[in-house]
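Source file run27.cif; content: mmCIF, C-alpha atoms.
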```cif
data_final
loop_
_atom_site.label_atom_id
_atom_site.label_comp_id
_atom_site.auth_asym_id
_atom_site.auth_seq_id
_atom_site.Cartn_x
_atom_site.Cartn_y
_atom_site.Cartn_z
CA MET T 1 0.00 0.00 0.00
CA ASN T 2 1.35 3.41 -0.91
CA LYS T 3 0.51 6.82 0.53
CA ALA T 4 -1.97 7.75 -2.18
CA MET T 5 -4.06 4.72 -1.42
CA LEU T 6 -4.05 5.50 2.26
CA ARG T 7 -5.37 8.97 1.60
CA SER T 8 -8.14 7.71 -0.63
CA GLU T 9 -9.20 5.27 2.06
CA ALA T 10 -9.40 8.11 4.53
CA ARG T 11 -11.63 10.04 2.16
CA HIS T 12 -13.93 7.10 1.80
CA GLY T 13 -14.09 6.93 5.55
CA LEU T 14 -15.40 10.47 5.65
CA GLY T 15 -17.79 9.85 2.80
CA ARG T 16 -19.46 7.05 4.66
CA ARG T 17 -19.90 9.38 7.65
CA ARG T 18 -18.47 6.75 9.92
CA PRO T 19 -17.98 8.40 13.32
CA GLY T 20 -14.23 8.21 13.55
CA ARG T 21 -11.10 10.29 13.84
CA GLU T 22 -11.32 11.76 10.34
CA ALA T 23 -14.93 12.87 10.73
CA GLU T 24 -14.16 14.61 14.02
CA SER T 25 -11.16 16.51 12.70
CA GLY T 26 -13.27 17.59 9.72
CA ALA T 27 -15.88 19.00 12.07
CA ALA T 28 -13.22 20.92 13.97
CA GLU T 29 -11.94 22.41 10.73
CA ALA T 30 -15.42 23.45 9.70
CA GLU T 31 -15.84 25.02 13.14
CA LEU T 32 -12.61 26.94 12.68
CA VAL T 33 -13.70 28.20 9.26
CA MET T 34 -16.97 29.44 10.72
CA LEU T 35 -15.22 31.01 13.71
CA ALA T 36 -12.49 32.70 11.66
CA PRO T 37 -14.42 35.92 10.90
CA LEU T 38 -15.47 36.14 14.54
CA LEU T 39 -11.88 35.63 15.69
CA LEU T 40 -10.74 38.37 13.32
CA VAL T 41 -13.32 40.75 14.77
CA VAL T 42 -12.24 39.88 18.32
CA ALA T 43 -8.57 40.34 17.38
CA GLY T 44 -9.45 43.72 15.88
CA LEU T 45 -11.27 44.73 19.06
CA ILE T 46 -8.28 43.70 21.19
CA LEU T 47 -6.00 45.74 18.94
CA ALA T 48 -8.36 48.71 19.24
CA MET T 49 -8.40 48.45 23.04
CA ALA T 50 -4.62 48.21 23.15
CA ARG T 51 -4.09 51.29 21.00
CA LEU T 52 -6.76 53.33 22.81
CA GLY T 53 -5.36 52.31 26.18
CA LEU T 54 -1.91 53.42 25.14
CA ALA T 55 -3.26 56.74 23.84
CA ARG T 56 -5.10 57.18 27.13
CA SER T 57 -1.79 56.84 29.05
CA ARG T 58 -0.22 59.44 26.77
CA VAL T 59 -3.04 61.86 27.62
CA GLU T 60 -2.42 61.24 31.33
CA ASP T 61 1.24 62.00 30.69
CA ALA T 62 0.29 65.17 28.80
CA ALA T 63 -1.74 66.32 31.81
CA GLY T 64 1.40 65.95 33.92
CA ALA T 65 3.39 67.94 31.35
CA ALA T 66 0.70 70.66 31.39
CA VAL T 67 0.93 70.94 35.17
CA SER T 68 4.73 71.03 35.16
CA ALA T 69 4.71 73.82 32.58
CA ALA T 70 2.02 75.82 34.40
CA VAL T 71 3.52 75.79 37.90
CA VAL T 72 6.71 77.60 36.88
CA ALA T 73 4.98 80.24 34.70
CA PRO T 74 5.18 83.85 35.89
CA THR T 75 1.53 84.76 35.29
CA ALA T 76 -1.80 82.98 34.99
CA SER T 77 -2.10 83.72 31.28
CA ALA T 78 1.47 82.55 30.70
CA ALA T 79 0.60 79.40 32.66
CA GLN T 80 -2.37 78.75 30.38
CA SER T 81 -0.38 79.08 27.15
CA ALA T 82 2.64 77.18 28.51
CA ALA T 83 0.43 74.32 29.73
CA SER T 84 -1.45 74.15 26.45
CA ALA T 85 1.77 74.10 24.42
CA ALA T 86 3.40 71.49 26.68
CA ALA T 87 0.39 69.17 26.54
CA ARG T 88 0.13 69.39 22.75
CA GLN T 89 3.85 68.81 22.34
CA ASP T 90 3.71 65.79 24.65
CA LEU T 91 0.77 64.30 22.76
CA ALA T 92 2.48 64.85 19.42
CA ALA T 93 5.69 63.25 20.73
CA GLY T 94 3.61 60.28 21.91
CA GLY T 95 2.08 59.83 18.48
CA VAL T 96 -1.45 60.69 19.54
CA THR T 97 -3.35 62.63 16.88
CA CYS T 98 -6.19 64.53 18.50
CA THR T 99 -8.91 66.10 16.36
CA THR T 100 -9.46 68.56 19.21
CA THR T 101 -7.31 69.11 22.29
CA VAL T 102 -8.71 70.97 25.29
CA VAL T 103 -6.32 71.92 28.08
CA HIS T 104 -8.31 73.22 31.01
CA LEU T 105 -6.46 74.73 33.97
CA ASP T 106 -7.88 75.58 37.36
CA LEU T 107 -5.83 78.66 38.28
CA SER T 108 -8.04 79.83 41.15
CA SER T 109 -5.17 79.42 43.61
CA PHE T 110 -2.36 80.38 41.22
CA ARG T 111 0.03 82.08 43.62
CA PRO T 112 3.33 81.05 45.23
CA GLY T 113 2.51 78.14 47.52
CA GLY T 114 -0.86 77.57 45.85
CA GLU T 115 -1.65 74.89 43.31
CA VAL T 116 -2.66 74.30 39.73
CA TRP T 117 -5.03 71.62 38.52
CA ALA T 118 -5.10 70.55 34.89
CA ARG T 119 -7.38 68.45 32.73
CA VAL T 120 -6.39 67.45 29.21
CA ALA T 121 -9.16 66.16 26.96
CA CYS T 122 -8.18 64.78 23.58
CA THR T 123 -10.75 63.71 21.02
CA VAL T 124 -9.44 60.95 18.77
CA SER T 125 -11.16 59.40 15.80
CA LEU T 126 -11.41 55.65 16.20
CA SER T 127 -10.12 55.07 12.68
CA SER T 128 -6.81 56.79 13.49
CA ALA T 129 -6.42 55.75 17.14
CA ALA T 130 -7.92 52.26 17.07
CA VAL T 131 -8.55 50.31 13.87
CA PRO T 132 -8.53 51.90 10.40
CA GLY T 133 -12.04 52.12 9.03
CA LEU T 134 -13.79 52.11 12.40
CA PRO T 135 -16.31 54.99 12.53
CA GLY T 136 -16.83 57.35 15.45
CA SER T 137 -14.58 59.11 17.92
CA VAL T 138 -13.86 59.02 21.63
CA VAL T 139 -12.65 61.54 24.21
CA LEU T 140 -9.59 60.53 26.22
CA ALA T 141 -8.98 62.61 29.33
CA GLY T 142 -6.29 62.86 31.97
CA THR T 143 -5.87 65.05 35.03
CA GLY T 144 -3.01 66.28 37.15
CA ALA T 145 -2.22 68.75 39.92
CA GLY T 146 0.91 70.41 41.18
CA PRO T 147 2.13 73.03 43.66
CA VAL T 148 2.95 76.46 42.24
CA ASP T 149 6.64 77.19 42.41
CA PRO T 150 7.26 79.60 45.31
CA TYR T 151 10.24 81.17 43.55
CA ARG T 152 8.98 81.76 40.03
CA ASN T 153 9.88 85.18 38.70
CA PRO T 154 6.87 87.47 38.58
CA THR T 155 7.05 89.86 35.61
CA MET H 1 -11.00 23.52 21.81
CA ALA H 2 -13.49 26.39 21.77
CA VAL H 3 -13.17 26.77 25.54
CA VAL H 4 -9.39 26.95 25.31
CA MET H 5 -9.62 29.54 22.55
CA VAL H 6 -12.10 31.71 24.44
CA LEU H 7 -9.93 31.57 27.58
CA ALA H 8 -6.84 32.46 25.55
CA LEU H 9 -8.59 35.42 23.93
CA LEU H 10 -9.95 36.59 27.30
CA THR H 11 -6.42 36.45 28.71
CA VAL H 12 -5.01 38.47 25.82
CA ALA H 13 -7.86 41.01 26.05
CA GLY H 14 -7.35 41.16 29.82
CA LEU H 15 -3.63 41.80 29.48
CA VAL H 16 -4.35 44.55 26.99
CA VAL H 17 -7.17 46.26 28.90
CA ASP H 18 -5.76 45.92 32.40
CA GLY H 19 -2.21 46.52 31.18
CA ALA H 20 -3.28 49.84 29.70
CA ARG H 21 -5.21 50.75 32.85
CA ALA H 22 -2.17 49.90 34.97
CA GLU H 23 0.01 52.03 32.71
CA SER H 24 -2.35 54.99 33.11
CA ALA H 25 -2.45 54.53 36.88
CA HIS H 26 1.34 54.33 36.93
CA ILE H 27 1.75 57.57 34.95
CA SER H 28 -0.77 59.28 37.22
CA ALA H 29 1.15 58.09 40.30
CA LEU H 30 4.41 59.20 38.67
CA ASN H 31 2.97 62.70 38.06
CA GLU H 32 1.91 62.84 41.69
CA ALA H 33 5.34 61.69 42.91
CA GLU H 34 7.08 64.28 40.73
CA GLN H 35 4.96 67.11 42.10
CA ALA H 36 5.45 65.85 45.67
CA ALA H 37 9.22 65.83 45.10
CA ARG H 38 8.99 69.37 43.70
CA VAL H 39 7.10 70.73 46.69
CA GLY H 40 9.59 68.96 48.96
CA ALA H 41 12.57 70.45 47.13
CA ALA H 42 10.97 73.91 47.16
CA THR H 43 10.51 73.64 50.92
CA LEU H 44 14.06 72.36 51.33
CA GLY H 45 15.42 75.28 49.32
CA ALA H 46 13.63 77.87 51.46
CA GLY H 47 16.27 78.00 54.16
CA PRO H 48 16.54 80.76 56.76
CA ARG H 49 19.01 82.63 54.51
CA ARG H 50 19.54 82.59 50.76
CA GLY H 51 21.62 79.56 49.81
CA THR H 52 20.88 77.59 52.97
CA LEU H 53 18.65 74.57 53.29
CA ALA H 54 15.61 74.24 55.50
CA PRO H 55 15.49 71.36 58.02
CA SER H 56 14.95 68.14 56.05
CA GLY H 57 11.96 67.26 58.24
CA GLU H 58 10.03 70.19 56.78
CA ALA H 59 10.73 69.06 53.22
CA VAL H 60 9.72 65.49 54.05
CA ALA H 61 6.50 66.72 55.69
CA ALA H 62 5.61 68.92 52.70
CA ALA H 63 6.20 66.13 50.18
CA GLU H 64 4.31 63.56 52.21
CA ALA H 65 1.42 65.95 52.79
CA TRP H 66 1.12 66.47 49.03
CA MET H 67 0.97 62.73 48.40
CA ALA H 68 -1.56 62.16 51.16
CA ARG H 69 -3.81 64.84 49.64
CA GLY H 70 -3.45 63.28 46.21
CA GLY H 71 -4.88 60.04 47.57
CA HIS H 72 -1.73 57.93 47.27
CA PRO H 73 0.36 58.23 50.43
CA GLY H 74 4.08 57.71 50.23
CA THR H 75 7.36 58.41 51.92
CA ALA H 76 9.96 61.08 51.25
CA THR H 77 13.62 61.22 52.21
CA VAL H 78 16.21 63.95 51.87
CA ARG H 79 19.73 63.31 50.56
CA GLY H 80 21.84 66.44 50.34
CA ASN H 81 19.81 68.98 48.38
CA GLU H 82 17.68 66.27 46.80
CA VAL H 83 14.23 65.05 47.83
CA LEU H 84 13.46 61.43 46.94
CA VAL H 85 9.86 60.36 46.91
CA THR H 86 8.24 56.92 46.75
CA ILE H 87 4.51 56.39 46.40
CA ASP H 88 3.57 53.40 48.57
CA PRO H 89 2.70 50.48 46.29
CA PHE H 90 -1.08 50.30 46.02
CA PRO H 91 -3.31 47.67 44.42
CA MET H 92 -5.39 48.35 41.31
CA PRO H 93 -8.28 45.89 40.89
CA THR H 94 -8.33 44.29 37.45
CA THR H 95 -11.39 43.92 35.22
CA LEU H 96 -10.97 41.22 32.57
CA LEU H 97 -7.88 39.63 34.13
CA SER H 98 -9.91 38.69 37.21
CA VAL H 99 -11.58 36.06 34.97
CA VAL H 100 -8.28 34.17 34.77
CA GLY H 101 -7.51 34.62 38.47
CA ILE H 102 -5.44 37.83 38.53
CA ARG H 103 -7.52 40.04 40.80
CA GLN H 104 -5.20 43.03 41.14
CA VAL H 105 -1.94 44.55 40.00
CA THR H 106 0.37 46.64 42.16
CA ILE H 107 1.24 50.19 41.17
CA SER H 108 4.20 52.12 42.53
CA ALA H 109 6.20 55.19 41.53
CA HIS H 110 9.40 57.03 42.44
CA ALA H 111 10.57 60.54 41.69
CA SER H 112 13.15 63.02 42.89
CA ALA H 113 13.76 66.75 42.75
CA ARG H 114 16.68 68.98 43.71
CA ALA H 115 16.60 72.34 45.46
CA VAL H 116 18.50 74.76 43.25
CA ASP H 117 19.52 78.33 43.94
CA GLN H 118 18.81 79.53 40.41
CA PRO H 119 15.89 81.03 38.59
CA VAL H 120 13.71 78.32 37.08
CA THR H 121 13.25 78.42 33.33
CA PRO H 122 10.03 76.82 32.17
#
```
Encoded form (structure tokens):
Amino acid sequence: MNKAMLRSEARHGLGRRRPGREAESGAAEAELVMLAPLLLVVAGLILAMARLGLARSRVEDAAGAAVSAAVVAPTASAAQSAASAAARQDLAAGGVTCTTTVVHLDLSSFRPGGEVWARVACTVSLSSAAVPGLPGSVVLAGTGAGPVDPYRNPT
Amino acid sequence: MAVVMVLALLTVAGLVVDGARAESAHISALNEAEQAARVGAATLGAGPRRGTLAPSGEAVAAAEAWMARGGHPGTATVRGNEVLVTIDPFPMPTTLLSVVGIRQVTISAHASARAVDQPVTP
């Protein structure tokens, strides 16, 4: 008996629908073929969650950068522009492309020894931040707070 | 087979989701530690005369008070003109990873800042 004959026997075995090894492995393959699109969707979702999660950490980092820039600024308006620039720069360096970036500072106690609170909100489109082709967008936000430098130079 | 595959996918999804959450929590703790170190160094630099250091206890107290207010207590130490800060490791409950038996991950952060006798440039 050569290999070709063995294979043909196996095929006959399937054809007769005898419950055996070959029939079972065929069912598993059919199952896999049916599950493949579902698995692809799940893999895509996992990829989307990974990329969004990473972008979310970058926004948290940008909030820290905003605070660090604000607390050494000489005036409240300088703090606002420095924080905004620092957050945007940090996001760009992290590869996060925001359609809109809002850097909100709470400067109500902006004085030496006081504190600054920052919130960075970055709107990302899902097709750029998650999976290409996915519609919609999501807002990623991060917050931070820091003490105002007691020795900053007032202008 | 299907059960194994679902468990494997859940594990991967859990690592991704909870890994990203842990990373965010870590960065947040790091930001807090950095600011605590800054306030500690600022206190340390405010000695009785220009160029002298304040008692290290004051710097430690200022840094630790900042961390306590931020919700993640920690400890600060002074070494020379440097304030070193450690956020006490705290647990973060997991979401998807709890399905495969990992109920929490531990987050910790360190930072340091130096008291300098120079104008700060932003």
Item checked: Nearest to chain H, chosen from T:Ala50, T:Ala36, T:Leu107, T:Leu140, with only C-alpha atoms counted in the distances ->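 Among T:Ala50, T:Ala36, T:Leu107, T:Leu140, it is T:Ala50 that comes nearest to chain H.
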Margin query: If the PyMOL selection byres ((chain T) within 9 of (chain H)) were run on this exact file, what residues would it hold? Put them as a ChimeraX atom specification.
Written below: /T:28,39,42-43,45-47,49-54,56-61,63-65,67-73,82,113,142-153
Next item on the list: Compile the contact shell of stretch 121-134 of chain T as a ChimeraX atom specification: residues with an atom at most 6 Å away, counting all atoms listed in the file, same-chain residues fewer than 6 positions apart removed.
Entry: /T:48,51-52,98-102,140-141
Notebook entry, point to check: What is the atom CA of T:Asp90 to atom CA of T:Val138 distance in Å?
Noted result: 19.1 Å
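Taking atom CA of T:Arg119 as the reference point, atom CA of T:Ala62 is found at 9.2 Å.
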Next item on the list: Pick out the closest residue to T:Pro112 from this set: T:Ala87, T:Ala76, T:Leu38, T:Leu32. Count all atoms listed in the file.
Entry: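 Closest to T:Pro112 of all the choices is T:Ala76.
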Next item on the list: Considering all atoms listed in the file, state which residue in the set H:Val3, H:Pro89, H:Thr94, H:Gly40 is at the smallest distance from H:Thr106.
Entry: H:Pro89
Note to self: If I take atom CA of T:Ala118 and atom CA of H:Asn81, how far is one from the other in Å, to one decimal?
What the structure shows: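 It comes out at 28.4 Å.
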On this file, the PyMOL selection byres ((chain H and resi 60) around 12) gives some set of residues; write that set as a PDB file with C-alpha atoms, keeping the file's coordinate frame.
```pdb
ATOM      1  CA  ALA H  36       5.450  65.850  45.670  1.00  0.00           C
ATOM      2  CA  ALA H  37       9.220  65.830  45.100  1.00  0.00           C
ATOM      3  CA  ARG H  38       8.990  69.370  43.700  1.00  0.00           C
ATOM      4  CA  VAL H  39       7.100  70.730  46.690  1.00  0.00           C
ATOM      5  CA  GLY H  40       9.590  68.960  48.960  1.00  0.00           C
ATOM      6  CA  ALA H  41      12.570  70.450  47.130  1.00  0.00           C
ATOM      7  CA  ALA H  42      10.970  73.910  47.160  1.00  0.00           C
ATOM      8  CA  THR H  43      10.510  73.640  50.920  1.00  0.00           C
ATOM      9  CA  LEU H  44      14.060  72.360  51.330  1.00  0.00           C
ATOM     10  CA  ALA H  54      15.610  74.240  55.500  1.00  0.00           C
ATOM     11  CA  PRO H  55      15.490  71.360  58.020  1.00  0.00           C
ATOM     12  CA  SER H  56      14.950  68.140  56.050  1.00  0.00           C
ATOM     13  CA  GLY H  57      11.960  67.260  58.240  1.00  0.00           C
ATOM     14  CA  GLU H  58      10.030  70.190  56.780  1.00  0.00           C
ATOM     15  CA  ALA H  59      10.730  69.060  53.220  1.00  0.00           C
ATOM     16  CA  ALA H  61       6.500  66.720  55.690  1.00  0.00           C
ATOM     17  CA  ALA H  62       5.610  68.920  52.700  1.00  0.00           C
ATOM     18  CA  ALA H  63       6.200  66.130  50.180  1.00  0.00           C
ATOM     19  CA  GLU H  64       4.310  63.560  52.210  1.00  0.00           C
ATOM     20  CA  ALA H  65       1.420  65.950  52.790  1.00  0.00           C
ATOM     21  CA  TRP H  66       1.120  66.470  49.030  1.00  0.00           C
ATOM     22  CA  MET H  67       0.970  62.730  48.400  1.00  0.00           C
ATOM     23  CA  GLY H  74       4.080  57.710  50.230  1.00  0.00           C
ATOM     24  CA  THR H  75       7.360  58.410  51.920  1.00  0.00           C
ATOM     25  CA  ALA H  76       9.960  61.080  51.250  1.00  0.00           C
ATOM     26  CA  THR H  77      13.620  61.220  52.210  1.00  0.00           C
ATOM     27  CA  VAL H  78      16.210  63.950  51.870  1.00  0.00           C
ATOM     28  CA  ARG H  79      19.730  63.310  50.560  1.00  0.00           C
ATOM     29  CA  GLU H  82      17.680  66.270  46.800  1.00  0.00           C
ATOM     30  CA  VAL H  83      14.230  65.050  47.830  1.00  0.00           C
ATOM     31  CA  LEU H  84      13.460  61.430  46.940  1.00  0.00           C
ATOM     32  CA  VAL H  85       9.860  60.360  46.910  1.00  0.00           C
ATOM     33  CA  THR H  86       8.240  56.920  46.750  1.00  0.00           C
ATOM     34  CA  SER H 112      13.150  63.020  42.890  1.00  0.00           C
TER      35      SER H 112
END
```
Could N, CA and C atoms be built for stretch 52-66 of chain H and written out as a PDB file, in the frame of the given file?
```
ATOM      1  N   THR H  52      20.860  78.616  51.918  1.00  0.00           N
ATOM      2  CA  THR H  52      20.880  77.590  52.970  1.00  0.00           C
ATOM      3  C   THR H  52      19.647  76.714  52.837  1.00  0.00           C
ATOM      4  N   LEU H  53      19.750  75.510  53.390  1.00  0.00           N
ATOM      5  CA  LEU H  53      18.650  74.570  53.290  1.00  0.00           C
ATOM      6  C   LEU H  53      17.800  74.592  54.561  1.00  0.00           C
ATOM      7  N   ALA H  54      16.517  74.350  54.366  1.00  0.00           N
ATOM      8  CA  ALA H  54      15.610  74.240  55.500  1.00  0.00           C
ATOM      9  C   ALA H  54      15.826  72.869  56.157  1.00  0.00           C
ATOM     10  N   PRO H  55      15.378  72.679  57.400  1.00  0.00           N
ATOM     11  CA  PRO H  55      15.490  71.360  58.020  1.00  0.00           C
ATOM     12  C   PRO H  55      14.810  70.306  57.134  1.00  0.00           C
ATOM     13  N   SER H  56      15.481  69.140  56.987  1.00  0.00           N
ATOM     14  CA  SER H  56      14.950  68.140  56.050  1.00  0.00           C
ATOM     15  C   SER H  56      13.565  67.648  56.471  1.00  0.00           C
ATOM     16  N   GLY H  57      13.273  67.698  57.769  1.00  0.00           N
ATOM     17  CA  GLY H  57      11.960  67.260  58.240  1.00  0.00           C
ATOM     18  C   GLY H  57      10.827  68.053  57.607  1.00  0.00           C
ATOM     19  N   GLU H  58      11.073  69.351  57.384  1.00  0.00           N
ATOM     20  CA  GLU H  58      10.030  70.190  56.780  1.00  0.00           C
ATOM     21  C   GLU H  58       9.771  69.771  55.335  1.00  0.00           C
ATOM     22  N   ALA H  59      10.862  69.486  54.615  1.00  0.00           N
ATOM     23  CA  ALA H  59      10.730  69.060  53.220  1.00  0.00           C
ATOM     24  C   ALA H  59       9.987  67.730  53.132  1.00  0.00           C
ATOM     25  N   VAL H  60      10.369  66.810  54.022  1.00  0.00           N
ATOM     26  CA  VAL H  60       9.720  65.490  54.050  1.00  0.00           C
ATOM     27  C   VAL H  60       8.226  65.663  54.327  1.00  0.00           C
ATOM     28  N   ALA H  61       7.908  66.516  55.321  1.00  0.00           N
ATOM     29  CA  ALA H  61       6.500  66.720  55.690  1.00  0.00           C
ATOM     30  C   ALA H  61       5.714  67.311  54.521  1.00  0.00           C
ATOM     31  N   ALA H  62       6.320  68.281  53.808  1.00  0.00           N
ATOM     32  CA  ALA H  62       5.610  68.920  52.700  1.00  0.00           C
ATOM     33  C   ALA H  62       5.342  67.925  51.576  1.00  0.00           C
ATOM     34  N   ALA H  63       6.366  67.111  51.250  1.00  0.00           N
ATOM     35  CA  ALA H  63       6.200  66.130  50.180  1.00  0.00           C
ATOM     36  C   ALA H  63       5.172  65.077  50.554  1.00  0.00           C
ATOM     37  N   GLU H  64       5.241  64.611  51.790  1.00  0.00           N
ATOM     38  CA  GLU H  64       4.310  63.560  52.210  1.00  0.00           C
ATOM     39  C   GLU H  64       2.887  64.081  52.315  1.00  0.00           C
ATOM     40  N   ALA H  65       2.760  65.362  52.712  1.00  0.00           N
ATOM     41  CA  ALA H  65       1.420  65.950  52.790  1.00  0.00           C
ATOM     42  C   ALA H  65       0.793  66.038  51.404  1.00  0.00           C
ATOM     43  N   TRP H  66       1.631  66.373  50.398  1.00  0.00           N
ATOM     44  CA  TRP H  66       1.120  66.470  49.030  1.00  0.00           C
ATOM     45  C   TRP H  66       0.601  65.104  48.544  1.00  0.00           C
TER      46      TRP H  66
END
```
